[in-house]
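Engineer: Before I ask anything, here is the structure I am working with.
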Amino acid sequence: MANCFAFCCTSKYTNMKTNKFFTFLVFLVIIITGASCKNDEINPNDKNSITLSFDNKVGDKSLVLGTGAYTNSSGEDFTVTTLNYFISNVSFKKEDGTVVKFPNNYFLVKQSDAGSLEAELKDVPAGNYKEVSFMVGVDSTRSTSDISQRVGVLDPASYGDDGMYWAWNSGYIFFKFEGTSSVVPTNATGKRPFQLHVGGFGGMTTKTANNLRTVTLPLANAATVRGNIAPEVHLFVDISKVFNGTTQIKLAQTNLVHGITAAIPIADNYKSMFSVDHVHNDAQ
Amino acid sequence: MKNLFLTTSILLLFLMVFSCSKQPDVVIEPEKLFYQPSNFQSPVYKIEKNPITKEGFELGKSLFYDGILSRDGSMSCGECHRQDFGFTHHLHDLSHGIDDQIGLRNSSSLQNLAWEKTFGWDGGVFDLDLFAISPIENPVEMDDKVPNVLEKLRKTEKYPVMFKNAFGSTEITSERFLKALSQFLLSLVSANSRYDKFMRKEEGVIFNATELAGMELFKQKCSSCHAGELFSDGSFRNNGLPPTERQQVVYRMVDGVKKAFIEPVIDDGRMRVTEMPEDKNKFKVPSLRNVEATKPYMHDGRFQTLDEVMNHYMTTVTATQNLDPLLNQNGKLGIPLTATEKTQIIAFLRTLTDREFLTDKRFTP
């Protein structure tokens, strides 16, 4: 390949007369290269999917709803009853810098629903992808769009008890993290619950806090999409980072967050909870 | 000679009156469920994204008056929004929901919704199609979940047929459900008050001297906020209501059982939505159309009569945080008015009552 490029490049030193000859040569080279590259697996017409798999954890422990007992970096004990978050605007960057975007795929990851932990992006062109990027939340376009565009996980009337939408203050809850902790003061019902709800797409009629966060992660081992390879990118999602990503958050003080301004440090923190553990490139 | 003069002048007068009385630009046909009154601007809602059909309207109306939208079947939208009272909750200061629970606010009137930019006293909802989720899922209003409501509708005999008539198939989706409700809500156009007919110079509609004086005063004193033909500029303002202390019953789950707790009511108005201190105590300027019928008044329904409302503007405007500067001019709080002027303004406000709308059989369950 490198040879043929050098060869082709020489054509810029040619004059009109020799042009035809070089065009012919270039064709020849392409044909030869095509033939000689028979064994190179990247066929630009091939497509396959990449699956992002979200492995929610607390530090190095796996996350178990209800029964799992954990401690955050401030030494506060906690259990987790709910962990839900939206993932959108996924994109993959190839070795050569080209980016493949998925603006119309929205995912609601729920720890309580194993099926929701895998986000499949279909029809990714064959290539070697070195970087993945996604948004935590629902971008402002979809957060304000017409009801007819709000289908699937974006249907604001579909969540039932999961409640991923503020009905009285039109907006998706991007991230919902609930549980209990002995450091939380007892509430009216004698319980010690914490509820950290993050939303806020920037406001419709008035500008408000924007808690949309974009996460970009390198893939040390490229995701190699081929006709027969549908890579799986295995992500570790360490929710303990919610308490110490960039700002130290103590449950004793911050345990009920339903607003958008109060949620800013939480969104800043959870931006760093994602990491790529490994990539599977198994042939099908 | 004298007789001839008289007859011709009468004839001339007749002709003049006749040619002057302009017909309303838009004629209301019984089958026309949504129209733009000639004295209104163009609507905010994009009607073309949800064209109103007879079948869609019928479905929306049926849903609006059906308790099936609530957890135990007891509360319909129509319970808190009664037609004869301008689609408000008559005699309830704070709205009364399921299990006799008291809500945060006085129920809004429902009229001319296609012209509104935001919904609710704090404008938290920016699309009419998205509004209904809020009362349905609010634990103190209807306390259900939309997916469950849709499931209940699917099991009925009549709704799948009605959805088919309205949308072409029996499929019941949240989009269709919400759009049908919107079709009914959008059709609630009120523009046939005596005021409207007077403005459109319709035949035989006149204002007496008190009403005319009231209209003039209203223009000077009130219309910077209650602006234009909708009698609201859609903005959020603090009109100086004195702070009050109220309690509300809040239900919480304790070990899987719902228990009642008494908590103070704190209503920061627009600040609830924007979280900005400059929006504290601000509420959406309400339309004053049909105001005679929509008592009690204000976001918390604290005033029972228009007289009390006027007394507030004249004497009790309070300099709470973010009081609108219009109500604090030259170091004087409120709007100074004489007793006569007060009567005149109230007389004008009564011309905003649209009897045809309040009794329109098409909107009645």
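Following the order of the structure tokens, chains are lettered A, B, ..., residues in each are numbered from 1, and ligands are numbered from 1.
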Apply DSSP to the structure's backbone, then extract all residues of range 214-345 of chain B labelled alpha helix (DSSP H) and return them as a ChimeraX atom specification.
Structural biologist: /B:214-221,271-274,306-311,339-345
Engineer: Please produce an output containing C-alpha atoms for each residue in the selection, written as a PDB file, in the first residue's frame.
Structural biologist:
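Just written: part09.pdb:
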ATOM      1  CA  GLY B 214     -63.704  50.769  33.342  1.00  0.00           C
ATOM      2  CA  MET B 215     -62.140  49.793  30.038  1.00  0.00           C
ATOM      3  CA  GLU B 216     -60.200  53.044  29.928  1.00  0.00           C
ATOM      4  CA  LEU B 217     -58.972  52.577  33.506  1.00  0.00           C
ATOM      5  CA  PHE B 218     -58.059  48.968  32.803  1.00  0.00           C
ATOM      6  CA  LYS B 219     -55.930  50.059  29.864  1.00  0.00           C
ATOM      7  CA  GLN B 220     -54.067  52.517  32.067  1.00  0.00           C
ATOM      8  CA  LYS B 221     -53.683  50.473  35.253  1.00  0.00           C
ATOM      9  CA  MET B 271     -38.374  29.907  40.946  1.00  0.00           C
ATOM     10  CA  ARG B 272     -39.464  26.286  41.280  1.00  0.00           C
ATOM     11  CA  VAL B 273     -38.740  25.962  37.557  1.00  0.00           C
ATOM     12  CA  THR B 274     -35.736  28.192  36.963  1.00  0.00           C
ATOM     13  CA  LEU B 306     -63.393  40.545  42.308  1.00  0.00           C
ATOM     14  CA  ASP B 307     -63.992  43.136  44.975  1.00  0.00           C
ATOM     15  CA  GLU B 308     -61.374  41.479  47.179  1.00  0.00           C
ATOM     16  CA  VAL B 309     -58.971  41.350  44.229  1.00  0.00           C
ATOM     17  CA  MET B 310     -59.427  45.079  43.656  1.00  0.00           C
ATOM     18  CA  ASN B 311     -58.932  45.762  47.359  1.00  0.00           C
ATOM     19  CA  ALA B 339     -64.301  53.550  45.000  1.00  0.00           C
ATOM     20  CA  THR B 340     -66.039  54.614  41.768  1.00  0.00           C
ATOM     21  CA  GLU B 341     -63.056  53.600  39.667  1.00  0.00           C
ATOM     22  CA  LYS B 342     -63.006  50.229  41.378  1.00  0.00           C
ATOM     23  CA  THR B 343     -66.668  49.673  40.468  1.00  0.00           C
ATOM     24  CA  GLN B 344     -65.952  50.732  36.906  1.00  0.00           C
ATOM     25  CA  ILE B 345     -63.081  48.270  36.506  1.00  0.00           C
TER      26      ILE B 345
END
Engineer: Using only C-alpha atoms, which protein or nucleic acid residues come within 9 Å of Phe274 in chain A? Drop anything in the same chain fewer than 4 positions from it, and give the result as an MDAnalysis selection string.
Structural biologist: chainID A and resid 54 215 217 235:239 270
Engineer: Write out, as an mmCIF file, in the first residue's frame, the residues just selected, with N, CA and C atoms.
Structural biologist:
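Printed below is selection.cif as written:
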data_model
loop_
_atom_site.group_PDB
_atom_site.id
_atom_site.type_symbol
_atom_site.label_atom_id
_atom_site.label_comp_id
_atom_site.auth_asym_id
_atom_site.auth_seq_id
_atom_site.Cartn_x
_atom_site.Cartn_y
_atom_site.Cartn_z
ATOM 1 N N PHE A 54 -22.740 -1.889 29.825
ATOM 2 C CA PHE A 54 -22.543 -1.073 31.024
ATOM 3 C C PHE A 54 -22.528 -1.972 32.254
ATOM 4 N N VAL A 215 -18.957 12.124 27.658
ATOM 5 C CA VAL A 215 -17.849 11.302 28.121
ATOM 6 C C VAL A 215 -17.106 10.792 26.893
ATOM 7 N N LEU A 217 -13.880 8.291 25.769
ATOM 8 C CA LEU A 217 -12.956 7.288 26.290
ATOM 9 C C LEU A 217 -12.143 6.674 25.159
ATOM 10 N N LEU A 235 -17.824 -1.575 29.439
ATOM 11 C CA LEU A 235 -17.537 -0.391 30.254
ATOM 12 C C LEU A 235 -17.739 -0.695 31.725
ATOM 13 N N PHE A 236 -16.811 -0.230 32.551
ATOM 14 C CA PHE A 236 -17.017 -0.246 33.992
ATOM 15 C C PHE A 236 -17.622 1.099 34.369
ATOM 16 N N VAL A 237 -18.685 1.049 35.154
ATOM 17 C CA VAL A 237 -19.323 2.286 35.596
ATOM 18 C C VAL A 237 -19.261 2.290 37.118
ATOM 19 N N ASP A 238 -18.330 3.056 37.638
ATOM 20 C CA ASP A 238 -18.076 3.037 39.077
ATOM 21 C C ASP A 238 -18.861 4.165 39.757
ATOM 22 N N ILE A 239 -20.018 3.804 40.322
ATOM 23 C CA ILE A 239 -20.869 4.859 40.869
ATOM 24 C C ILE A 239 -20.312 5.471 42.157
ATOM 25 N N TYR A 270 -20.088 12.400 38.014
ATOM 26 C CA TYR A 270 -20.334 11.114 37.337
ATOM 27 C C TYR A 270 -19.769 11.080 35.926
#
Engineer: Might you pull out every residue within 8 Å of Phe57 in chain B, with only C-alpha atoms counted and same-chain residues fewer than 6 positions away left off, and present them as a PyMOL selection string?
Structural biologist: chain B and resi 33+180-181+183-184+187
Engineer: List every residue of range 135-291 of chain B that DSSP, applied to the backbone, labels as strand (DSSP E or B), and write the result as a PyMOL selection string.
Structural biologist: chain B and resi 236-238+247-254+257-264+269+282-284
Engineer: Could you please determine the separation between CA of Trp168 in chain A and CA of Ser112 in chain A in Å, to one decimal place?
Structural biologist: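 About the pair CA of Trp168 in chain A and CA of Ser112 in chain A: they are 25.8 Å apart.
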Engineer: Near chain A, which residues of chain B fall within 9 Å when you count only C-alpha atoms, and what do they look like as a PyMOL selection string?
Structural biologist: chain B and resi 49+117-118+120+122-127+129-135+137-138+144-148+174-176+178-179+252-255+259+261+272-276
Engineer: Point out the residue among A:Val225, A:Ala267, A:Val184, A:Ile173 with the least atom-to-atom distance to Asp123 in chain A, counting only C-alpha atoms.
Structural biologist: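 Going through A:Val225, A:Ala267, A:Val184, A:Ile173 one by one, the smallest distance to Asp123 in chain A is for A:Val225.
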